[in-house]
Amino acid sequence: MFTEVSLSSTKRLLEAKRLMELCSNDKFDEEQATTDSVLKGVVYVLLYGALEFTITHCVSRTIEILNDKTLNLYEVLPSLWGLIYDSACKRIETAGTNKKWENRYKLFKELTKDKVIEQIESTLFPSSNGNIKEQQLDRVWKTFGLKAPMFEPEHMSVKQCLLELAEGRMAIAHGRECASQVGSLKTAGDLEGLYDSISRYCSYLIECFTQYINQEEYLQK
C-alpha cells in the first residue's frame, strides 16, 4: 500500500546517513575540519528532502487510493471536501464580483447525498507554502482527519527537531548561510540525534497513513 513510499523514504534517509558517516571522525587539520563542516551542513538538506518526500508522497498515495474507490460525497469526512472541490474553491477565490454568486451556486448544487466523488488531483498538498513544520503537518492532519496523534507522545521532541531542520535547510538553500556555517555549529553527536528523530518520524508518518486507509478513517462513522 505504502511500500514504495517507505522504500524511497528509506533510500533518502540512508543517503543522509552516509554523508554523516563521512564527517563523523573529527580531524585536527583545518582543511579537513572545513570539509566536515560543509558535509554536516549538507546533511540538513538531504534529511529535509527525505522528510518532505515522505509526507508529500504519503498524501499523494492516499489520494490515489481514495481515487480507486467509489465513494459518495456524504460518506467521506467533510474536511476532505476541500480536496475534492479544489478547482471549484479556486474559482470562487479568484472570481470577480460578477461571477462569485454563479460559482457558489455551481458548487453547492453538487453537494447532494447521492453525489459520487470525482477524481482528486493527486499532486494536491493541503497546506500553505513553506518548510514542513508543525503548522503544515497540522493542516494535513485536519484535512484528512487522521485519528493517530500527529506526534508520538513519547517523542514530542521531534517538534523542535522539525523546526531546527527547516531553519538549517532554509538558511543553506536560500544562501543566507554557507553549509559550512550551519555545519560548524553541530557535532557528529548532534547530527546523529537529529537524524534519529527525523528518521523515526518519517516511519511514523507512513504508519499513520497506513492506519488511515486500513481503518477507513476517511469515512464518516
# chains A, B, ... in the order shown; residues from 1 in each chain; ligands from 1

call {"tool": "residues_around", "arguments": {"residues": "segment 71-76 of chain A", "least_positions_apart": "6", "cutoff": "12 Å", "atoms": "only C-alpha atoms", "output": "MDAnalysis selection string"}}
result
chainID A and resid 65 82:85 110:120 143:145 216:221

call {"tool": "residues_around", "arguments": {"residues": "Gln215 of chain A", "least_positions_apart": "5", "cutoff": "12 Å", "atoms": "only C-alpha atoms", "output": "list in words"}}
result
Leu146, Lys147, Ala148, Glu207, Cys208, Phe209, Thr210, Gln220 and Lys221 of chain A

call {"tool": "write_last_selection", "arguments": {"atoms": "C-alpha atoms", "output": "PDB file, in the first residue's frame"}}
result
ATOM      1  CA  LEU A 146      -6.213  11.283  10.672  1.00  0.00           C
ATOM      2  CA  LYS A 147      -7.027   9.823  14.078  1.00  0.00           C
ATOM      3  CA  ALA A 148      -3.486   8.977  15.143  1.00  0.00           C
ATOM      4  CA  GLU A 207       2.291   4.204   9.860  1.00  0.00           C
ATOM      5  CA  CYS A 208      -0.334   6.926  10.393  1.00  0.00           C
ATOM      6  CA  PHE A 209      -1.430   6.968   6.754  1.00  0.00           C
ATOM      7  CA  THR A 210      -1.407   3.169   6.563  1.00  0.00           C
ATOM      8  CA  GLN A 220     -17.992   9.415   8.414  1.00  0.00           C
ATOM      9  CA  LYS A 221     -18.791   6.898  11.145  1.00  0.00           C
TER      10      LYS A 221
END

call {"tool": "closest_residue", "arguments": {"among": "A:Glu52, A:Gly168, A:Cys89, A:Gln135", "to": "Ser184 of chain A", "atoms": "only C-alpha atoms"}}
result
A:Gly168

call {"tool": "residues_around", "arguments": {"residues": "Lys186 of chain A", "least_positions_apart": "3", "cutoff": "9 Å", "atoms": "only C-alpha atoms", "output": "list in words"}}
result
Ser37, Lys40, Gly41, Val182, Gly183, Gly189, Asp190 and Leu191 of chain A

call {"tool": "atom_distance", "arguments": {"atom1": "atom CA of Glu152 of chain A", "atom2": "atom CA of Leu7 of chain A"}}
result
21.8 Å

call {"tool": "select_by_dssp", "arguments": {"residues": "segment 97-179 of chain A", "states": "helix (DSSP H, G or I)", "output": "number ranges by chain"}}
result
A: 100-109, 134-144, 153-155, 158-173, 179

call {"tool": "closest_residue", "arguments": {"among": "A:Arg91, A:Gln211, A:Asp68, A:Ile206", "to": "Ser8 of chain A", "atoms": "only C-alpha atoms"}}
result
A:Ile206

call {"tool": "select_by_dssp", "arguments": {"residues": "chain A", "states": "strand (DSSP E or B)", "output": "MDAnalysis selection string"}}
result
chainID A and resid 72 76 116 219

call {"tool": "closest_residue", "arguments": {"among": "A:Trp141, A:Phe2, A:Tyr204, A:Tyr105", "to": "Glu64 of chain A", "atoms": "only C-alpha atoms"}}
result
A:Phe2

call {"tool": "residues_around", "arguments": {"residues": "Leu124 of chain A", "least_positions_apart": "6", "cutoff": "10 Å", "atoms": "only C-alpha atoms", "output": "number ranges by chain"}}
result
A: 56, 59-60, 63, 83, 86

call {"tool": "residues_around", "arguments": {"residues": "Ser127 of chain A", "least_positions_apart": "5", "cutoff": "7 Å", "atoms": "only C-alpha atoms", "output": "list of chain:residue names"}}
result
A:Gln136, A:Arg139, A:Val140

call {"tool": "write_last_selection", "arguments": {"atoms": "C-alpha atoms", "output": "PDB file, in the first residue's frame"}}
result
ATOM      1  CA  GLN A 136       1.997  22.397   7.805  1.00  0.00           C
ATOM      2  CA  ARG A 139      -3.230  21.239   8.200  1.00  0.00           C
ATOM      3  CA  VAL A 140      -2.614  17.844   6.603  1.00  0.00           C
TER       4      VAL A 140
END

call {"tool": "atom_distance", "arguments": {"atom1": "atom CA of Arg61 of chain A", "atom2": "atom CA of Gln160 of chain A"}}
result
27.1 Å

call {"tool": "residues_around", "arguments": {"residues": "Glu192 of chain A", "least_positions_apart": "5", "cutoff": "9 Å", "atoms": "only C-alpha atoms", "output": "list in words"}}
result
Lys17, Met20, Thr187 and Ser197 of chain A

call {"tool": "closest_residue", "arguments": {"among": "A:Ile55, A:Val158, A:Leu107, A:Arg176", "to": "Pro126 of chain A", "atoms": "only C-alpha atoms"}}
result
A:Ile55

call {"tool": "residues_around", "arguments": {"residues": "Thr54 of chain A", "least_positions_apart": "3", "cutoff": "10 Å", "atoms": "only C-alpha atoms", "output": "PyMOL selection string"}}
result
chain A and resi 5-10+12+48-51+57-59+201-203+205-206

call {"tool": "atom_distance", "arguments": {"atom1": "atom CA of Thr3 of chain A", "atom2": "atom CA of Arg18 of chain A"}}
result
22.3 Å

call {"tool": "closest_residue", "arguments": {"among": "A:Glu164, A:Glu177, A:Glu134, A:Asp36", "to": "Leu22 of chain A", "atoms": "only C-alpha atoms"}}
result
A:Asp36

call {"tool": "closest_residue", "arguments": {"among": "A:Gln181, A:Ser199, A:Asn214, A:Asn131", "to": "Ala33 of chain A", "atoms": "only C-alpha atoms"}}
result
A:Gln181
